[in-house]
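**Q** Mind having a look at this structure? Questions to follow.
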Amino acid sequence: MDFELTETQHLIVTTARDYVERAVRPAAALLDRQARFPSAELAGLAALGMMGVNIPAELGGAEAGAVAYALAMMEVARGCASTAVTMGVTNMVGEAIARFGSEGQRRTYVPRLTSGEYVAGAFALSEPGAGSDPGGMTTTATRSDRGWLLNGQKQWITSGSRAGVVVVWARTDSAEARLGSKGLSCFLVEQNTPGLETGRHEEKLGLCASETVSLSFTDCVLPDEALLGEVGGGFKIAMMALDGGRIGIASQAIGIGTAALEAAIAYAKERKQFGQAIAEFQAIQWMIADSKVELEAARLLTLRAASMKERGGVRFTREAAIAKLFASEAAWRVCDRALQIHGGYGYVKEFPVERHLRDVRVTRIYEGTSEIQRIVIARASLG
Ligand code: CAA
């Protein structure tokens with residue numbers, strides 16, 4: 001066990017931090033206020049290898065590993081949570097294609113994601129009636145003489161209208177009975193495919209600069225080569241991709257929490273009440289100490305899961321769920337304490353902590369709610 005970063009990990013962290021400090025953090029408040037998609041910031045990150053941190057170099061990735069990816073996500077989320085989630089989903093999509101794709105799919109799509117030619121990738125699993133239970137999805141892909149015919153609706157799709165390629169799950173088993181996780185397959189759908197339309201752009205509590213849309217597919221014709229993996233193998237691809245994605249969301253939560261704690265510390269040192277800086281009061285010190293401990297614990301759990309993923313050959317489903325559950329819940333408490341330390345100033349948009357609180361909230365929901373993480377952890381523990 002070694003808690004020191006490798007040279008590569010250190011380089012990724014300093015590269016990400018330097019760019020984020022210069023180009024992302026200063027833009028974050030305005031991006032949020034204007035709900036403006038961070039195209040320029042994402043292009044800058046792509047140029048630095050951040051869209052494929054854990055993707056092989058032969059596909060345009062940085063090939064720096066899953067730990068470096070988690071560390072990079074923490075840095076980007078510390079600067080702008082909206083930019084971070086867009087980067088996170090793009091990395092997840094790139095990794096899924098690199099891992100499960102045919103040689104043709106890998107060569108076609110992954111370099112476009114890692115290079116920034118595609119501003120983002122999208123992951124279309126959830127539907128209006130199937131969120132925590134993706135096995136309940138009703139989107140179908142049926143065989144026709146023209147190829148696969150895709151019909152249905154997807155919801156809560158990050159970067160859905162921006163992504164060059166959307167990974168879409170659909171039911172390919174024609175049996176009428178609900179088959180749950182069985183009979184689902186996975187397809188790569190290019191953005192300009194006829195029959196694919198973008199629906200509502202969601203107005204969200206937080207992550208206002210990231211895009212969240214619904215997508216509809218009406219007789220969308222897909223060639224045979226659009227199938228990712230095996231027919232019927234879609235559920236496992238989704239779950240394995242989400243195992244890695246959850247490490248990314250844990251890292252995102254830690255990054256947001258870190259930004260909130262830093263703001264709280266700076267404010268506590270500067271703000272005077274009763275003739276002294278409020279940082280002198282034990283009540284404030286305890287809040288800062290609790291936040292520091294929780295973020296450090298979250299970081300260790302997250303890097304452990306990332307390290308297991310990087311080592312390969314072992315299932316890290318439970319460890320990723322533990323990291324996501326703990327980090328997202330802890331970061332929420334950290335952001336709440338940071339706002340409390342700011343008092344009334346925490347509640348207004350002049351200070352950043354209200355944005356951090358809004359942004360961090362969804363980390364307890366997406367890529368599996370905290371309740372779903374507990375199900376995953378309990379099932380893995382009970383055997
Ligand atoms: N790795 C590999 N295989 C897995 C797996 C994993 N992590 N998880 C499940 N499987 C396999 C099981 O072994 C089982 O295989 P067999 O059929 O061969 O036995 C099969 O998949 C079915 O597993 P379950 O019976 O456990 O499936 P379930 O229907 O009970 O669901 C669940 C389990 C954990 C609740 C799962 O449905 C789940 O994770 N739900 C949450 C979904 C989610 O996270 N959605 C997020 C949407 S994406 C998003 O938010 C992206 C964004 O834009 C930010």
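Chain labels follow the order of the structure tokens: the first chain is A, the next B, and so on; residue numbering restarts at 1 in every chain, and ligands are counted from 1 in their shown order.
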Report as a PyMOL selection string all protein, DNA and RNA residues lying within 6 Å of Gly164 in chain A, evaluated on only C-alpha atoms, omitting residues in the same chain fewer than 3 positions from it.

**A** chain A and resi 118+190-191

**Q** Using only C-alpha atoms and all ligand atoms, find each protein or nucleic acid residue lying at most 8 Å from ligand 1; present the set as an NGL selection string.

**A** :A and (85 or 88-89 or 122-126 or 131-135 or 156-159 or 180-182 or 212 or 235-243 or 315-317 or 365-369 or 372-373 or 375-376)

**Q** Name the residues of range 99-238 of chain A that come out as alpha helix (DSSP H) in a backbone DSSP run; write them as a PyMOL selection string.

**A** chain A and resi 99-100+103-115+234-238

**Q** Please tabulate, as a tab-separated table, the residues of range 280-358 of chain A that come within 8 Å of range 247-269 of chain A, each with its closest pair of atoms and the distance in Å to one decimal, counting only C-alpha atoms and ordering rows by chain, then residue number upward.

**A**
residue	atom	partner	partner_atom	distance
A:Ile284	CA	A:Ala268	CA	7.7
A:Ile288	CA	A:Leu261	CA	7.2
A:Ser291	CA	A:Leu261	CA	7.0
A:Lys292	CA	A:Leu261	CA	7.7
A:Leu295	CA	A:Ile254	CA	6.3
A:Ala298	CA	A:Ile254	CA	7.0
A:Arg299	CA	A:Ile254	CA	6.9
A:Thr302	CA	A:Ile247	CA	6.1
A:Ala305	CA	A:Ile247	CA	6.9
A:Ala306	CA	A:Ile247	CA	6.6
A:Ala320	CA	A:Ile247	CA	5.5
A:Ala321	CA	A:Ile247	CA	7.9
A:Ala323	CA	A:Ala250	CA	6.0
A:Lys324	CA	A:Ala250	CA	4.4
A:Leu325	CA	A:Ala250	CA	7.6
A:Phe326	CA	A:Ala250	CA	8.0
A:Ala327	CA	A:Ala250	CA	5.2
A:Ser328	CA	A:Ala253	CA	5.3
A:Ala331	CA	A:Gly257	CA	4.7
A:Trp332	CA	A:Gly257	CA	7.3
A:Val334	CA	A:Gly257	CA	5.8
A:Cys335	CA	A:Ala260	CA	5.5
A:Ala338	CA	A:Ala264	CA	5.0
A:Leu339	CA	A:Ala264	CA	7.5
A:Ile341	CA	A:Ala264	CA	6.3
A:His342	CA	A:Ala264	CA	6.7
A:Pro352	CA	A:Ala263	CA	7.6
A:Val353	CA	A:Ala260	CA	5.7
A:His356	CA	A:Ile256	CA	6.0

**Q** Quick one: write out the picked residues with C-alpha atoms as a tab-separated table (two decimals), in the first residue's frame?

**A**
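Listed below is the output, again03.tsv:
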chain	number	residue	atom	x	y	z
A	284	ILE	CA	-16.60	26.97	13.52
A	288	ILE	CA	-14.09	22.75	9.56
A	291	SER	CA	-15.55	18.57	6.92
A	292	LYS	CA	-11.83	17.94	6.51
A	295	LEU	CA	-13.41	14.69	2.68
A	298	ALA	CA	-14.07	10.03	1.00
A	299	ARG	CA	-10.84	10.56	-0.91
A	302	THR	CA	-12.51	6.68	-3.78
A	305	ALA	CA	-11.89	1.82	-5.58
A	306	ALA	CA	-9.97	3.49	-8.42
A	320	ALA	CA	-17.19	1.91	-6.08
A	321	ALA	CA	-20.64	1.97	-4.46
A	323	ALA	CA	-17.03	5.41	-2.38
A	324	LYS	CA	-19.96	7.02	-4.18
A	325	LEU	CA	-22.34	6.67	-1.24
A	326	PHE	CA	-19.90	8.04	1.31
A	327	ALA	CA	-18.39	10.79	-0.86
A	328	SER	CA	-21.69	12.19	-2.11
A	331	ALA	CA	-19.76	16.32	0.36
A	332	TRP	CA	-23.38	17.36	0.83
A	334	VAL	CA	-19.51	19.68	3.85
A	335	CYS	CA	-21.29	22.11	1.48
A	338	ALA	CA	-19.71	25.79	4.42
A	339	LEU	CA	-22.95	27.65	3.76
A	341	ILE	CA	-20.27	29.25	8.21
A	342	HIS	CA	-21.01	31.98	5.67
A	352	PRO	CA	-19.80	30.56	-4.38
A	353	VAL	CA	-21.08	28.24	-1.65
A	356	HIS	CA	-21.58	24.30	-4.52

**Q** Closest to Glu117 in chain A among A:Ile322, A:Ala43, A:Ala35, A:Val76, using only C-alpha atoms?

**A** A:Ala43

**Q** Here is a test: counting only C-alpha atoms, which residue of A:Asn192, A:Cys208, A:Asp173, A:Gly244 is nearest to Asn91 in chain A?

**A**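 Closest candidate: A:Gly244.
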
**Q** Hey, which of A:Gln155, A:Ser307, A:Thr218, A:Gln34 ends up closest to Glu202 in chain A? Count only C-alpha atoms.

**A**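 Nearest candidate to Glu202 in chain A out of A:Gln155, A:Ser307, A:Thr218, A:Gln34: A:Gln155.
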
**Q** Could you list, as number ranges by chain, every residue within 10 Å of Ala68 in chain A, counting only C-alpha atoms and ignoring same-chain residues fewer than 6 positions away?

**A** A: 5-6, 8-13, 50, 53-54, 62, 74, 303, 306-307, 310

**Q** Using C-alpha atoms, can you write the selected residues to a file as a compact mmCIF listing (two decimals), in the first residue's frame?

**A**
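Below is the file part-v5.txt, written as the result:
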# COMPACT_ATOMS: atom_id res chain seq x y z
CA LEU A 5 1.20 9.60 -6.15
CA THR A 6 3.22 8.26 -9.06
CA THR A 8 2.19 10.28 -13.96
CA GLN A 9 -0.57 10.84 -11.41
CA HIS A 10 1.24 13.90 -10.10
CA LEU A 11 1.58 15.26 -13.63
CA ILE A 12 -2.13 14.76 -14.34
CA VAL A 13 -3.08 16.53 -11.09
CA MET A 50 -8.63 14.89 -19.83
CA VAL A 53 -7.46 9.86 -18.86
CA ASN A 54 -7.85 6.09 -18.50
CA ALA A 62 -3.66 9.70 -21.81
CA MET A 74 -11.52 16.07 -8.25
CA LEU A 303 -8.83 6.17 -4.53
CA ALA A 306 -9.97 3.49 -8.42
CA SER A 307 -6.85 1.56 -7.53
CA GLU A 310 -6.69 0.08 -12.26

**Q** Give me every strand (DSSP E or B) residue in range 22-245 of chain A, going by DSSP on the backbone, as a PyMOL selection string.

**A** chain A and resi 121-124+127+130+140-144+147-158+165-171+184-190+196-201+212-222+227-228

**Q** With a distance cut-off of 6 Å and only C-alpha atoms, select the neighbouring residues of Leu149 in chain A, excluding the residue or stretch itself and same-chain residues fewer than 4 positions from it, and output the selection as a PyMOL selection string.

**A** chain A and resi 141-142+219-221

**Q** Between A:Arg364, A:Arg36, A:Arg107, A:Arg22, which has the minimum distance to Glu203 in chain A (counting only C-alpha atoms)?

**A**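 Closest residue, counting only C-alpha atoms: A:Arg36.
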
**Q** Here is a test: counting only C-alpha atoms, which residue of A:Val314, A:Ala84, A:Leu48, A:Ile97 is nearest to Ala28 in chain A?

**A** A:Ala84

**Q** Quick one: residues within 6 Å of Pro111 in chain A, only C-alpha atoms, excluding same-chain residues fewer than 2 positions away - as a PyMOL selection string?

**A** chain A and resi 59-60+109+113-115

**Q** Go ahead and compute the interatomic distance for CA of Thr363 in chain A and CA of Gly245 in chain A, in Å to one decimal.

**A**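 Going from CA of Thr363 in chain A over to CA of Gly245 in chain A, I get 11.4 Å.
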